[in-house]
file run07.txt (compact mmCIF, C-alpha atoms)
# COMPACT_ATOMS: atom_id res chain seq x y z
CA MET A 254 48.51 5.98 23.12
CA SER A 255 49.48 2.74 21.42
CA SER A 256 52.91 2.51 22.95
CA ALA A 257 54.03 0.81 26.14
CA LYS A 258 55.55 4.15 27.21
CA SER A 259 52.07 5.46 28.09
CA ILE A 260 51.46 2.54 30.44
CA SER A 261 52.34 2.52 34.13
CA LEU A 262 51.86 -0.18 36.73
CA LEU A 263 52.32 -0.10 40.48
CA TRP A 264 52.52 -3.70 41.67
CA GLY A 265 53.25 -5.99 44.60
CA ALA A 266 55.25 -9.22 44.36
CA GLY A 267 53.31 -12.49 44.52
CA SER A 268 49.91 -10.81 44.14
CA PRO A 269 47.88 -12.84 41.62
CA PRO A 270 45.94 -9.74 40.48
CA CYS A 271 49.20 -7.87 39.69
CA TRP A 272 50.64 -10.92 38.00
CA ARG A 273 47.62 -11.20 35.67
CA VAL A 274 48.20 -7.69 34.36
CA MET A 275 51.93 -8.34 33.92
CA ILE A 276 51.32 -11.54 31.94
CA THR A 277 48.86 -9.71 29.69
CA LEU A 278 51.34 -6.88 29.08
CA GLN A 279 53.96 -9.46 28.06
CA GLU A 280 51.54 -11.37 25.83
CA LYS A 281 50.50 -8.15 24.08
CA LYS A 282 54.18 -7.26 23.46
CA LEU A 283 53.99 -4.18 25.64
CA GLN A 284 57.42 -4.64 27.22
CA GLY A 285 58.99 -1.37 28.29
CA TYR A 286 56.04 -0.07 30.26
CA LYS A 287 56.80 1.92 33.40
CA HIS A 288 56.47 -0.07 36.59
CA LYS A 289 57.31 0.12 40.25
CA LEU A 290 57.44 -2.68 42.79
CA LEU A 291 55.85 -1.72 46.12
CA SER A 292 55.97 -3.57 49.42
CA PHE A 293 52.77 -4.86 51.02
CA GLU A 294 54.74 -5.49 54.22
CA LYS A 295 55.68 -1.82 54.46
CA GLY A 296 52.08 -0.82 53.68
CA GLU A 297 53.12 0.94 50.49
CA HIS A 298 49.83 -0.11 48.82
CA LYS A 299 48.16 2.44 51.13
CA SER A 300 50.54 5.26 50.12
CA GLN A 301 49.42 8.48 48.45
CA GLU A 302 51.15 7.34 45.28
CA VAL A 303 48.74 4.41 45.05
CA LEU A 304 45.66 6.13 46.47
CA LYS A 305 45.67 8.82 43.80
CA ILE A 306 45.33 6.09 41.14
CA ASN A 307 43.49 3.44 43.13
CA PRO A 308 41.26 4.91 45.86
CA ARG A 309 40.82 1.41 47.31
CA GLY A 310 44.52 1.37 48.25
CA GLN A 311 45.07 -1.92 46.44
CA LEU A 312 47.53 -3.18 43.88
CA PRO A 313 47.66 -3.25 40.92
CA ALA A 314 47.26 0.46 40.24
CA PHE A 315 47.24 0.62 36.45
CA LYS A 316 47.19 3.51 34.00
CA HIS A 317 47.24 3.67 30.21
CA GLY A 318 47.53 7.33 29.26
CA ASP A 319 44.81 8.96 31.36
CA ASN A 320 42.76 5.76 31.56
CA ILE A 321 42.81 4.05 34.93
CA VAL A 322 41.87 0.37 35.24
CA ASN A 323 42.76 -1.13 38.61
CA GLU A 324 40.63 -4.26 38.71
CA SER A 325 42.98 -6.89 37.29
CA THR A 326 40.42 -8.74 35.17
CA ALA A 327 39.15 -5.41 33.85
CA ALA A 328 42.71 -4.36 32.94
CA CYS A 329 43.28 -7.65 31.08
CA LEU A 330 40.02 -7.26 29.10
CA TYR A 331 40.86 -3.61 28.38
CA LEU A 332 44.39 -4.41 27.14
CA GLU A 333 43.10 -7.18 24.86
CA ASP A 334 40.51 -4.78 23.43
CA GLN A 335 42.96 -1.90 22.94
CA PHE A 336 45.74 -4.04 21.45
CA LYS A 337 43.69 -6.63 19.54
CA SER A 338 46.13 -7.09 16.68
CA GLN A 339 49.32 -6.76 18.72
CA GLY A 340 51.12 -9.74 20.27
CA ASN A 341 49.11 -12.85 21.08
CA LYS A 342 45.36 -12.89 20.65
CA LEU A 343 43.91 -13.70 24.09
CA LEU A 344 40.23 -13.88 23.10
CA PRO A 345 39.32 -16.96 21.02
CA ASP A 346 37.39 -16.54 17.77
CA SER A 347 35.06 -19.50 18.02
CA PRO A 348 31.87 -18.94 20.02
CA ALA A 349 32.36 -22.22 21.91
CA GLU A 350 35.88 -21.33 23.06
CA GLN A 351 34.83 -17.77 23.79
CA ALA A 352 32.02 -19.04 26.04
CA LEU A 353 34.47 -21.26 27.88
CA MET A 354 37.02 -18.49 28.16
CA TYR A 355 34.64 -15.97 29.73
CA GLN A 356 33.21 -18.64 32.02
CA CYS A 357 36.63 -19.84 33.28
CA MET A 358 37.93 -16.30 33.61
CA MET A 359 35.08 -15.33 35.93
CA GLU A 360 35.10 -18.61 37.83
CA GLY A 361 38.81 -17.94 38.43
CA LEU A 362 37.74 -15.12 40.76
CA THR A 363 35.76 -17.62 42.86
CA LEU A 364 38.83 -19.83 43.05
CA ALA A 365 40.86 -16.80 44.18
CA ASP A 366 38.30 -15.96 46.89
CA LYS A 367 38.38 -19.51 48.25
CA LEU A 368 42.19 -19.61 48.26
CA ASN A 369 42.35 -16.28 50.08
CA ALA A 370 39.78 -17.40 52.66
CA VAL A 371 42.12 -20.24 53.67
CA ILE A 372 45.57 -18.69 53.20
CA TYR A 373 44.75 -15.30 54.75
CA TYR A 374 42.21 -16.44 57.37
CA ASP A 375 44.21 -15.07 60.31
CA TRP A 376 44.80 -11.84 58.48
CA ILE A 377 41.14 -11.37 57.48
CA VAL A 378 39.45 -12.50 60.70
CA PRO A 379 40.22 -10.80 64.05
CA GLU A 380 41.49 -13.23 66.70
CA GLU A 381 38.37 -13.16 68.89
CA GLU A 382 36.18 -14.10 65.90
CA ARG A 383 38.16 -17.11 64.72
CA HIS A 384 36.62 -20.59 64.79
CA GLU A 385 38.13 -23.98 64.01
CA SER A 386 34.81 -24.89 62.39
CA ALA A 387 35.14 -21.97 59.96
CA VAL A 388 38.74 -22.91 59.10
CA LYS A 389 37.60 -26.48 58.42
CA ARG A 390 34.67 -25.36 56.29
CA ASN A 391 36.86 -22.97 54.28
CA LYS A 392 39.34 -25.76 53.61
CA GLU A 393 36.59 -28.13 52.51
CA ALA A 394 35.15 -25.47 50.20
CA LEU A 395 38.62 -24.89 48.69
CA ALA A 396 39.22 -28.63 48.20
CA ALA A 397 35.84 -28.95 46.44
CA GLU A 398 36.68 -25.93 44.29
CA LEU A 399 40.08 -27.35 43.31
CA LYS A 400 38.43 -30.66 42.38
CA LEU A 401 36.10 -28.77 40.02
CA TRP A 402 39.20 -27.35 38.31
CA GLU A 403 40.77 -30.81 38.12
CA GLY A 404 37.70 -31.71 36.06
CA TYR A 405 37.94 -28.61 33.87
CA LEU A 406 41.53 -29.57 33.02
CA HIS A 407 40.77 -33.09 31.77
CA ASN A 408 42.43 -32.27 28.43
CA VAL A 409 45.57 -30.71 29.85
CA ALA A 410 47.68 -33.81 29.16
CA ALA A 411 47.06 -33.20 25.45
CA GLY A 412 48.57 -29.73 25.86
CA SER A 413 45.24 -27.95 25.98
CA TYR A 414 44.71 -24.81 28.02
CA LEU A 415 41.49 -23.83 29.80
CA ALA A 416 39.68 -22.69 26.65
CA GLY A 417 41.64 -24.26 23.79
CA ALA A 418 44.60 -22.01 22.97
CA PHE A 419 46.19 -19.85 25.69
CA SER A 420 43.66 -17.10 26.51
CA LEU A 421 42.57 -14.57 29.13
CA ALA A 422 41.13 -17.51 31.09
CA ASP A 423 44.68 -18.77 31.68
CA VAL A 424 45.94 -15.26 32.36
CA VAL A 425 43.40 -14.89 35.18
CA VAL A 426 43.50 -18.44 36.55
CA PHE A 427 47.19 -19.43 36.33
CA PRO A 428 48.48 -17.06 39.03
CA ASN A 429 45.97 -18.60 41.45
CA ILE A 430 47.16 -22.10 40.62
CA ALA A 431 50.80 -21.10 41.04
CA PHE A 432 49.82 -19.47 44.32
CA ALA A 433 48.16 -22.71 45.50
CA PHE A 434 51.33 -24.73 44.79
CA ARG A 435 53.47 -22.05 46.43
CA PHE A 436 51.35 -22.56 49.54
CA GLY A 437 51.86 -26.29 49.53
CA LEU A 438 49.16 -27.88 47.37
CA SER A 439 49.98 -31.55 46.73
CA ALA A 440 50.79 -32.38 43.09
CA GLY A 441 49.90 -35.99 43.84
CA CYS A 442 46.35 -35.17 44.95
CA TYR A 443 45.76 -32.69 42.13
CA PRO A 444 47.57 -34.18 39.13
CA LYS A 445 45.78 -32.18 36.41
CA LEU A 446 46.43 -28.91 38.21
CA ALA A 447 50.07 -29.96 38.62
CA LYS A 448 50.30 -30.79 34.91
CA TYR A 449 48.74 -27.43 34.03
CA TYR A 450 51.18 -25.68 36.35
CA SER A 451 54.18 -27.35 34.75
CA LEU A 452 52.83 -26.73 31.22
CA LEU A 453 52.55 -23.00 31.86
CA LYS A 454 55.34 -22.09 34.26
CA ASP A 455 57.96 -21.81 31.52
CA ARG A 456 55.80 -19.85 29.09
CA PRO A 457 57.86 -16.70 28.40
CA SER A 458 55.18 -14.20 29.55
CA ILE A 459 54.85 -16.10 32.82
CA LYS A 460 58.49 -16.90 33.42
CA THR A 461 59.52 -13.27 32.85
CA SER A 462 56.93 -12.01 35.32
CA TRP A 463 57.49 -14.72 37.96
CA PRO A 464 57.34 -13.16 41.48
CA PRO A 465 60.93 -12.12 42.27
CA HIS A 466 60.90 -13.34 45.88
CA TRP A 467 59.59 -16.75 44.75
CA GLN A 468 62.67 -17.00 42.57
CA ALA A 469 64.94 -15.83 45.38
CA SER A 470 63.49 -18.36 47.85
CA PRO A 471 61.93 -21.27 45.95
CA GLN A 472 60.79 -22.89 49.19
CA GLY A 473 57.14 -22.06 49.79
CA TYR A 474 54.71 -22.77 52.63
CA ASP A 475 52.70 -25.81 53.65
CA ILE A 476 49.29 -24.35 54.54
CA LEU A 477 47.57 -26.34 51.77
CA LYS A 478 49.65 -29.50 52.16
CA ASP A 479 46.83 -31.68 53.54
CA LEU A 480 44.08 -30.36 51.32
CA MET B 31 22.81 -20.00 16.48
CA SER B 32 21.98 -16.33 16.03
CA SER B 33 18.38 -16.58 17.20
CA ALA B 34 16.89 -16.23 20.65
CA LYS B 35 15.35 -19.68 20.17
CA SER B 36 18.74 -21.32 20.82
CA ILE B 37 19.05 -19.55 24.19
CA SER B 38 17.79 -20.96 27.46
CA LEU B 39 17.94 -19.49 30.95
CA LEU B 40 17.09 -21.02 34.30
CA TRP B 41 16.69 -18.18 36.77
CA GLY B 42 15.61 -17.20 40.26
CA ALA B 43 13.58 -14.10 41.10
CA GLY B 44 15.41 -11.19 42.75
CA SER B 45 18.87 -12.65 42.08
CA PRO B 46 21.11 -9.84 40.78
CA PRO B 47 23.23 -12.30 38.72
CA CYS B 48 20.12 -13.64 36.93
CA TRP B 49 18.78 -10.15 36.44
CA ARG B 50 22.02 -9.03 34.73
CA VAL B 51 21.67 -11.73 32.10
CA MET B 52 17.97 -10.90 31.55
CA ILE B 53 18.73 -7.19 31.08
CA THR B 54 21.45 -8.04 28.55
CA LEU B 55 19.10 -10.35 26.62
CA GLN B 56 16.55 -7.52 26.42
CA GLU B 57 19.15 -4.94 25.39
CA LYS B 58 20.42 -7.25 22.63
CA LYS B 59 16.84 -7.76 21.34
CA LEU B 60 16.88 -11.45 22.15
CA GLN B 61 13.31 -11.57 23.42
CA GLY B 62 11.69 -14.95 22.94
CA TYR B 63 14.46 -16.98 24.56
CA LYS B 64 13.42 -20.03 26.56
CA HIS B 65 13.37 -19.46 30.30
CA LYS B 66 12.13 -21.05 33.48
CA LEU B 67 11.70 -19.46 36.89
CA LEU B 68 12.97 -21.68 39.71
CA SER B 69 12.46 -21.25 43.44
CA PHE B 70 15.46 -20.76 45.75
CA GLU B 71 13.13 -21.39 48.72
CA LYS B 72 12.26 -24.84 47.40
CA GLY B 73 15.95 -25.54 46.67
CA GLU B 74 15.28 -25.89 42.95
CA HIS B 75 18.70 -24.34 42.19
CA LYS B 76 20.17 -27.62 43.48
CA SER B 77 17.96 -29.75 41.20
CA GLN B 78 19.33 -32.11 38.52
CA GLU B 79 17.91 -29.77 35.88
CA VAL B 80 20.27 -27.03 37.09
CA LEU B 81 23.23 -29.25 38.03
CA LYS B 82 23.56 -30.67 34.54
CA ILE B 83 24.11 -27.12 33.20
CA ASN B 84 25.68 -25.50 36.26
CA PRO B 85 27.64 -27.97 38.42
CA ARG B 86 27.84 -25.32 41.15
CA GLY B 87 24.07 -25.57 41.64
CA GLN B 88 23.65 -21.84 41.22
CA LEU B 89 21.44 -19.61 39.11
CA PRO B 90 21.61 -18.40 36.42
CA ALA B 91 22.16 -21.55 34.39
CA PHE B 92 22.57 -20.22 30.86
CA LYS B 93 22.94 -21.90 27.48
CA HIS B 94 23.30 -20.58 23.94
CA GLY B 95 23.18 -23.57 21.63
CA ASP B 96 25.70 -25.94 23.20
CA ASN B 97 27.66 -23.13 24.85
CA ILE B 98 27.22 -22.86 28.58
CA VAL B 99 28.04 -19.62 30.41
CA ASN B 100 26.77 -19.55 33.98
CA GLU B 101 28.81 -16.75 35.52
CA SER B 102 26.57 -13.72 35.00
CA THR B 103 29.29 -11.24 34.06
CA ALA B 104 30.76 -13.81 31.67
CA ALA B 105 27.34 -14.35 30.07
CA CYS B 106 26.89 -10.59 29.59
CA LEU B 107 30.34 -10.25 27.96
CA TYR B 108 29.67 -13.30 25.78
CA LEU B 109 26.27 -12.00 24.60
CA GLU B 110 27.72 -8.59 23.76
CA ASP B 111 30.50 -10.29 21.75
CA GLN B 112 28.18 -12.69 19.93
CA PHE B 113 25.53 -10.09 19.11
CA LYS B 114 27.69 -6.99 18.60
CA SER B 115 25.55 -5.41 15.91
CA GLN B 116 22.17 -6.45 17.31
CA GLY B 117 20.16 -4.27 19.70
CA ASN B 118 22.02 -1.78 21.88
CA LYS B 119 25.78 -1.64 21.89
CA LEU B 120 26.86 -2.26 25.50
CA LEU B 121 30.61 -1.80 25.05
CA PRO B 122 31.69 1.82 24.45
CA ASP B 123 33.95 2.67 21.49
CA SER B 124 36.18 5.25 23.13
CA PRO B 125 39.14 3.87 25.08
CA ALA B 126 38.39 6.18 28.03
CA GLU B 127 34.80 4.97 28.37
CA GLN B 128 35.84 1.40 27.76
CA ALA B 129 38.37 1.62 30.60
CA LEU B 130 35.70 3.02 32.90
CA MET B 131 33.20 0.39 31.81
CA TYR B 132 35.45 -2.59 32.52
CA GLN B 133 36.58 -1.06 35.80
CA CYS B 134 33.03 -0.37 37.07
CA MET B 135 31.78 -3.73 35.85
CA MET B 136 34.38 -5.59 37.88
CA GLU B 137 34.09 -3.32 40.90
CA GLY B 138 30.37 -4.09 40.80
CA LEU B 139 31.24 -7.61 41.96
CA THR B 140 32.93 -6.18 45.05
CA LEU B 141 29.81 -4.15 45.77
CA ALA B 142 27.74 -7.34 45.41
CA ASP B 143 30.02 -9.22 47.83
CA LYS B 144 29.72 -6.49 50.43
CA LEU B 145 25.94 -6.31 50.09
CA ASN B 146 25.65 -10.08 50.44
CA ALA B 147 27.92 -10.13 53.51
CA VAL B 148 25.43 -7.85 55.29
CA ILE B 149 22.08 -9.03 53.90
CA TYR B 150 22.79 -12.76 54.09
CA TYR B 151 25.02 -12.79 57.19
CA ASP B 152 22.75 -15.16 59.15
CA TRP B 153 22.44 -17.42 56.14
CA ILE B 154 26.20 -17.50 55.41
CA VAL B 155 27.50 -17.78 58.98
CA PRO B 156 26.42 -20.65 61.30
CA GLU B 157 24.82 -19.42 64.54
CA GLU B 158 27.72 -20.41 66.83
CA GLU B 159 30.18 -18.42 64.70
CA ARG B 160 28.27 -15.14 64.58
CA HIS B 161 29.72 -12.01 66.17
CA GLU B 162 28.22 -8.55 66.64
CA SER B 163 31.67 -7.14 65.87
CA ALA B 164 31.65 -8.86 62.45
CA VAL B 165 28.16 -7.59 61.66
CA LYS B 166 29.27 -4.07 62.56
CA ARG B 167 32.45 -4.33 60.48
CA ASN B 168 30.54 -5.69 57.46
CA LYS B 169 28.08 -2.81 57.70
CA GLU B 170 30.87 -0.25 57.90
CA ALA B 171 32.59 -1.82 54.89
CA LEU B 172 29.34 -1.70 52.93
CA ALA B 173 28.70 1.94 53.87
CA ALA B 174 32.24 2.86 52.74
CA GLU B 175 31.69 0.94 49.49
CA LEU B 176 28.38 2.70 48.81
CA LYS B 177 30.05 6.07 49.43
CA LEU B 178 32.65 5.21 46.77
CA TRP B 179 29.78 4.64 44.33
CA GLU B 180 28.16 7.94 45.35
CA GLY B 181 31.40 9.50 44.13
CA TYR B 182 31.46 7.52 40.89
CA LEU B 183 27.95 8.80 40.12
CA HIS B 184 28.77 12.51 40.43
CA ASN B 185 27.46 13.09 36.88
CA VAL B 186 24.24 11.18 37.25
CA ALA B 187 22.13 14.33 37.63
CA ALA B 188 23.13 15.20 34.05
CA GLY B 189 21.66 11.86 32.92
CA SER B 190 25.01 10.13 32.68
CA TYR B 191 25.42 6.42 33.36
CA LEU B 192 28.46 4.78 34.94
CA ALA B 193 30.60 4.92 31.80
CA GLY B 194 28.92 7.51 29.57
CA ALA B 195 26.11 5.82 27.65
CA PHE B 196 24.30 2.80 29.11
CA SER B 197 26.78 -0.10 29.07
CA LEU B 198 27.66 -3.47 30.59
CA ALA B 199 28.81 -1.57 33.68
CA ASP B 200 25.20 -0.55 34.34
CA VAL B 201 23.96 -4.04 33.47
CA VAL B 202 26.20 -5.53 36.15
CA VAL B 203 25.88 -2.80 38.80
CA PHE B 204 22.22 -1.72 38.60
CA PRO B 205 20.69 -4.94 40.00
CA ASN B 206 22.91 -4.51 43.09
CA ILE B 207 21.74 -0.94 43.56
CA ALA B 208 18.09 -1.96 43.17
CA PHE B 209 18.75 -4.75 45.65
CA ALA B 210 20.22 -2.26 48.15
CA PHE B 211 17.11 -0.07 47.97
CA ARG B 212 14.84 -3.13 48.19
CA PHE B 213 16.63 -3.91 51.45
CA GLY B 214 16.03 -0.47 52.87
CA LEU B 215 18.92 1.79 51.78
CA SER B 216 18.08 5.42 52.54
CA ALA B 217 17.66 7.62 49.46
CA GLY B 218 18.36 10.65 51.68
CA CYS B 219 21.80 9.38 52.72
CA TYR B 220 22.74 8.18 49.22
CA PRO B 221 21.20 10.78 46.88
CA LYS B 222 23.30 9.97 43.80
CA LEU B 223 22.56 6.26 44.09
CA ALA B 224 18.87 7.13 44.50
CA LYS B 225 19.01 9.35 41.41
CA TYR B 226 20.72 6.58 39.45
CA TYR B 227 18.11 4.10 40.65
CA SER B 228 15.24 6.32 39.52
CA LEU B 229 16.97 7.12 36.19
CA LEU B 230 17.26 3.41 35.35
CA LYS B 231 14.27 1.69 36.90
CA ASP B 232 11.94 2.57 34.02
CA ARG B 233 14.37 1.67 31.24
CA PRO B 234 12.48 -0.93 29.17
CA SER B 235 15.08 -3.73 29.52
CA ILE B 236 15.04 -3.26 33.29
CA LYS B 237 11.31 -2.69 33.79
CA THR B 238 10.43 -5.78 31.73
CA SER B 239 12.78 -7.97 33.77
CA TRP B 240 11.89 -6.49 37.19
CA PRO B 241 11.72 -9.29 39.81
CA PRO B 242 8.09 -10.48 39.74
CA HIS B 243 7.73 -10.79 43.53
CA TRP B 244 9.04 -7.23 43.97
CA GLN B 245 6.20 -6.07 41.76
CA ALA B 246 3.68 -8.20 43.62
CA SER B 247 4.81 -6.87 47.02
CA PRO B 248 6.50 -3.50 46.57
CA GLN B 249 7.25 -3.28 50.29
CA GLY B 250 10.83 -4.35 50.90
CA TYR B 251 12.94 -4.85 54.02
CA ASP B 252 14.76 -2.50 56.36
CA ILE B 253 18.09 -4.27 56.95
CA LEU B 254 20.05 -1.40 55.37
CA LYS B 255 17.87 1.41 56.74
CA ASP B 256 20.47 2.83 59.15
CA LEU B 257 23.49 2.41 56.89

call {"tool": "encode", "arguments": {"input": "run07.txt", "output": "structure tokens"}}
result
Amino acid sequence: MSSAKSISLLWGAGSPPCWRVMITLQEKKLQGYKHKLLSFEKGEHKSQEVLKINPRGQLPAFKHGDNIVNESTAACLYLEDQFKSQGNKLLPDSPAEQALMYQCMMEGLTLADKLNAVIYYDWIVPEEERHESAVKRNKEALAAELKLWEGYLHNVAAGSYLAGAFSLADVVVFPNIAFAFRFGLSAGCYPKLAKYYSLLKDRPSIKTSWPPHWQASPQGYDILKDL
Amino acid sequence: MSSAKSISLLWGAGSPPCWRVMITLQEKKLQGYKHKLLSFEKGEHKSQEVLKINPRGQLPAFKHGDNIVNESTAACLYLEDQFKSQGNKLLPDSPAEQALMYQCMMEGLTLADKLNAVIYYDWIVPEEERHESAVKRNKEALAAELKLWEGYLHNVAAGSYLAGAFSLADVVVFPNIAFAFRFGLSAGCYPKLAKYYSLLKDRPSIKTSWPPHWQASPQGYDILKDL
């Protein structure tokens, strides 16, 4: 089962969870895996093809041989464990960096939740339950969250990643940061995040897996412009 | 840094995230670590003592030497990595069980989110933003989630845990299940979850770390009674 041929991935473009798995596959030199791009707009993530791998009807739907791992962070941890000595090592050796890596990786999920609460508010909350006060509170919570990450990235100007060398923390967090800038986050207000974004966007594993429709239409949105 | 003496934990009673870390410390034979019980009611999780370790003002606040790991799942992964050959192994060897372990561990966080959305609705949502329709939808989402877990536990009658032997998946998920029953979940409607609960509740690492106020007043709540 050590070959990329036994790996298959159903994915959706621009989904940070899918992107995490794709970056990890590139970093672990598992190019050549089977994959299929599905459309969220057409509801293909709720198709039988997905549901038989991922009963939640979500993407990614990921298989390695008979082993199914759909939660993106779980899939990244699993791939690092299964292919320890292949490609780039994504788990630091030193206890201090390992502590930081696990911590940032899991905090990255909180960042994702807070981004989604703002960006997808109208999609998540039915019209008759929407409140300006909730929108405002969600935005404030996201701004506070992003300021925490500005602090975490105090060493980014020296070329440092979240936990020293590039690691699973960056794999999990970077797609959220890219997502924030795609949705209009101001580089001026969040200079460390902007520096981190520009440091990582041309990394081969990330560039290769860049969301195709972001490439096709580089112009994003402005939902987060005033954050 | 290999001794329990270099570990300190600030915790709150009945918090599933804190409980996960305490179970892991027991499983890894790290008894004798420094710990301090703080009161959520008195707001002690927002005290300077916590904030200097966990800037989010949340519990657990966990340190091993100078390494800080506050996200509970991160702390469990870190402890398993740092103390691989000490106490019980919590990461399976076989790729199939490892896949299942990582998957269940991360899905456990979704279960926790859905439990919290129901149990803490009035605490999370300001009075003027509450809607009966949201309460109903949250309950339906939780019931659907719990039914998924009923399915995952189809082998529990044979004494099987979430991913074969007891693992980090159980460490992360069990406190949520115990929490659900504490808040009134019906054992009759969720027989596999009830079986799992009774299989695990007397495991030494779990029994020793049982929330003290649950022991003092075994009577719980009935919020989830009709789920």

call {"tool": "interface_residues", "arguments": {"input": "run07.txt", "of": "chain A", "to": "chain B", "cutoff": "6 Å", "atoms": "all atoms listed in the file", "output": "PDB file with C-alpha atoms, in the frame of the given file"}}
result
ATOM      1  CA  ASN A 320      42.760   5.760  31.560  1.00  0.00           C
ATOM      2  CA  VAL A 322      41.870   0.370  35.240  1.00  0.00           C
ATOM      3  CA  GLU A 324      40.630  -4.260  38.710  1.00  0.00           C
ATOM      4  CA  ALA A 327      39.150  -5.410  33.850  1.00  0.00           C
ATOM      5  CA  ALA A 349      32.360 -22.220  21.910  1.00  0.00           C
ATOM      6  CA  ALA A 352      32.020 -19.040  26.040  1.00  0.00           C
ATOM      7  CA  TYR A 355      34.640 -15.970  29.730  1.00  0.00           C
ATOM      8  CA  GLN A 356      33.210 -18.640  32.020  1.00  0.00           C
TER       9      GLN A 356
END

call {"tool": "residues_around", "arguments": {"input": "run07.txt", "residues": "segment 432-441 of chain A", "least_positions_apart": "2", "cutoff": "9 Å", "atoms": "only C-alpha atoms", "output": "MDAnalysis selection string"}}
result
chainID A and resid 267:269 368 372 427:430 443:448 450 467 471:480

call {"tool": "atom_distance", "arguments": {"input": "run07.txt", "atom1": "atom CA of Leu230 of chain B", "atom2": "atom CA of Gln116 of chain B"}}
result
21.1 Å

call {"tool": "residues_around", "arguments": {"input": "run07.txt", "residues": "Val80 of chain B", "least_positions_apart": "4", "cutoff": "9 Å", "atoms": "only C-alpha atoms", "output": "VMD selection string"}}
result
chain B and resid 40 74 to 76 84 to 91

call {"tool": "closest_residue", "arguments": {"input": "run07.txt", "among": "A:Lys367, A:Lys305, A:Lys454, A:Lys460", "to": "Leu395 of chain A", "atoms": "all atoms listed in the file"}}
result
A:Lys367

call {"tool": "atom_distance", "arguments": {"input": "run07.txt", "atom1": "atom CA of Ala397 of chain A", "atom2": "atom CA of Trp376 of chain A"}}
result
22.8 Å

call {"tool": "atom_distance", "arguments": {"input": "run07.txt", "atom1": "atom CA of Leu452 of chain A", "atom2": "atom CA of Ala418 of chain A"}}
result
12.6 Å

call {"tool": "closest_residue", "arguments": {"input": "run07.txt", "among": "B:Asn118, B:Ser38, B:Ser247, B:Ser190", "to": "Ile53 of chain B", "atoms": "all atoms listed in the file"}}
result
B:Asn118

call {"tool": "residues_near_point", "arguments": {"input": "run07.txt", "point": "(46.3, -9.8, 18.2)", "cutoff": "12 Å", "atoms": "all atoms listed in the file", "output": "number ranges by chain"}}
result
A: 277, 280-282, 332-346, 420

call {"tool": "residues_near_point", "arguments": {"input": "run07.txt", "point": "(13.8, -19.5, 26.0)", "cutoff": "10 Å", "atoms": "only C-alpha atoms", "output": "ChimeraX atom specification"}}
result
/B:34-40,60-66,93-94
